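This report concerns only the one structure given below.
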2 protein chains.
Amino acid sequence: MAVEPPIEQKAAEAKPLRADAQRNRDRLAEVAGAVFAEHGIDASLEEIARRAGVGIGTLYRHFPTREHLVEMVYRREVEALCAAAGELAQKHPSDVALEEWMRRFVDYIATKRGLATSLRVLLNTNSTLFSDTSGRVSQALRQLVEAAVADGTIRGDVDASDVLHALGGIYSAPDTKDWRDRSRRLVSLLMDGLRFGAAKAR
Amino acid sequence: MAVEPPIEQKAAEAKPLRADAQRNRDRLAEVAGAVFAEHGIDASLEEIARRAGVGIGTLYRHFPTREHLVEMVYRREVEALCAAAGELAQKHPSDVALEEWMRRFVDYIATKRGLATSLRVLLNTNSTLFSDTSGRVSQALRQLVEAAVADGTIRGDVDASDVLHALGGIYSAPDTKDWRDRSRRLVSLLMDGLRFGAAKAR
DNA sequence: CACTAAAACGGAGGCGCCTCCGTTTATTAG
DNA sequence: CTAATAAACGGAGGCGCCTCCGTTTTAGTG
């Protein structure tokens, strides 16, 4: 049987990218994230190329349309958020890790509020993107919830999908000015409920 | 009481437009219709201005966005279609007038098939546009149906909304290649049904 | 290390978008 | 008819999009 090539860090499905190509690709995605956050989803692609220190041609070779670029940025951000679950789990007691992660989840959604319309369009158009990312998010959440249930810092009669369901309200909530505060309160409330009746309760 | 200004031909809601302005506005709408039909809804606005023999600035003054221009074109086309109802009613027996008008309706929808997606977006965004135009269409249809019922060339137990309902299938039908043929058959079928049992039937 | 083919780079150039403002024209008052 | 003024015109200019292709870099190979 053939030896599988090592799994590259990002998007290494078919061909191993040449080193400079991989470097530029990563750099573009990173810069694009910053520029989109700063100027919105209609930001100038030429500015992104400029700030990334590459030619506009390079940008277009890697990302033929604006949507490709947005997709890549979105995937990376979700991945970063989910990867943080593992780190938090190591540094904190499992209930605290869960709480902190949910806080970050809220913060992340907050940054996307303004772009919601365009992003929704993209998520509807590109169903793979939706299933990939939502799958990744629930996986991260499951990891945290199961750990906390296992060591008794939260109650045992809930699972990840219950928590995800509770967070769903955040995602679809209306776009009021106190959205963030209310969302954070929701997380606190949820954590109180989860801790109540836990095995290690004192 | 103040003397009302005479109703101008097009879009004379608030201010009477200066003569040259009205001329350019009409010309732009006309040319835009042709260019959109030729190159699709993303056609170059500069080409439209060029062909209309006006500067690009003039185009933008009259139609601040592409959507404004598309809306105007669409309104004019619907108006032209509906105005044809009156003329047909004069030149033909009332059942023939109705039939011919429905044929034109099919032809008109046919030209819009390609643009359907963008147009639907616009119609959803701009609900006034939708209600105005659909109201105008059903008014034109009512005129024809009532005349034909009145002189007995079609049966008396139907009204305009029945016919409109029957035509609805055309609008929402899938986008197959034989769409046009099937639609014409539908119109013929419908006319047969309408003539059957009419007072003047022989 | 040298060489080569393939891969990647990058920016010039052509086009379209849109704004801004100096020039022209229609209209109204005298 | 003339003058005055408000309205309309139009295109230059600045920017962004995207393609195309000559130049550079990388990753093998001897």
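We label chains A, B, ... in the order they appear in the structure tokens, count residues from 1 in each chain, and number ligands from 1 in the order shown.
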
Please tabulate, as a Markdown table, the residues of stretch 1-78 of chain A that come within 10 Å of stretch 2-24 of chain C, each with its closest pair of atoms and the distance in Å to one decimal, counting only C-alpha atoms (C1' of nucleotides) and ordering rows by chain, then residue number upward.
| residue | atom | partner | partner_atom | distance |
| --- | --- | --- | --- | --- |
| A:Leu17 | CA | C:DA7 | C1' | 9.3 |
| A:Arg18 | CA | C:DA7 | C1' | 7.6 |
| A:Ala19 | CA | C:DA8 | C1' | 9.9 |
| A:Asp20 | CA | C:DA8 | C1' | 7.7 |
| A:Ala21 | CA | C:DA8 | C1' | 6.6 |
| A:Val54 | CA | C:DG10 | C1' | 7.1 |
| A:Gly55 | CA | C:DG10 | C1' | 4.4 |
| A:Ile56 | CA | C:DG10 | C1' | 6.8 |
| A:Gly57 | CA | C:DG10 | C1' | 6.0 |
| A:Thr58 | CA | C:DC9 | C1' | 6.4 |
| A:Leu59 | CA | C:DG10 | C1' | 9.8 |
| A:Arg61 | CA | C:DA8 | C1' | 9.2 |

At a cut-off of 7 Å, can you tabulate as JSON lines every residue of chain D near chain B together with its closest atom pair and the distance in Å to one decimal, using only C-alpha atoms (C1' of nucleotides) and ordering rows by chain then number?
{"residue": "D:DA8", "atom": "C1'", "partner": "B:Ala21", "partner_atom": "CA", "distance": 6.7}
{"residue": "D:DC9", "atom": "C1'", "partner": "B:Thr58", "partner_atom": "CA", "distance": 6.4}
{"residue": "D:DG10", "atom": "C1'", "partner": "B:Gly55", "partner_atom": "CA", "distance": 4.4}
{"residue": "D:DG11", "atom": "C1'", "partner": "B:Gly55", "partner_atom": "CA", "distance": 6.7}

Selection to disk with C-alpha atoms (C1' of nucleotides), as a PDB file, in the first residue's frame:
ATOM      1  C1'  DA D   8     -28.902  69.544 -16.058  1.00  0.00           C
ATOM      2  C1'  DC D   9     -24.944  67.937 -18.525  1.00  0.00           C
ATOM      3  C1'  DG D  10     -20.709  65.221 -19.243  1.00  0.00           C
ATOM      4  C1'  DG D  11     -16.278  63.589 -18.745  1.00  0.00           C
TER       5       DG D  11
END

- Within 7 Å of A:Ala85, counting only C-alpha atoms (C1' of nucleotides), which residues show up once you throw out same-chain ones fewer than 6 positions away? Write them as a list in words, please. Trp101, Ala140 and Leu144 of chain A

Since we have the selection now, will you write its residues out, keeping C-alpha atoms, as a JSON list (two decimals), in the first residue's frame?
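Saved result, selection.json, follows:
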[["chain", "number", "residue", "atom", "x", "y", "z"],
["A", 101, "TRP", "CA", -14.88, 28.63, 25.55],
["A", 140, "ALA", "CA", -15.18, 20.96, 20.07],
["A", 144, "LEU", "CA", -15.44, 20.06, 26.67]]

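Picture a line from atom CA of B:Val187 to atom CA of B:Glu100; it runs 9.5 Å.
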
- Item | For B:Arg51: contacts at 12 Å, only C-alpha atoms (C1' of nucleotides), fewer than 2 positions along chain excluded, given as a ChimeraX atom specification | /B:24,27-35,44-49,53-56,59
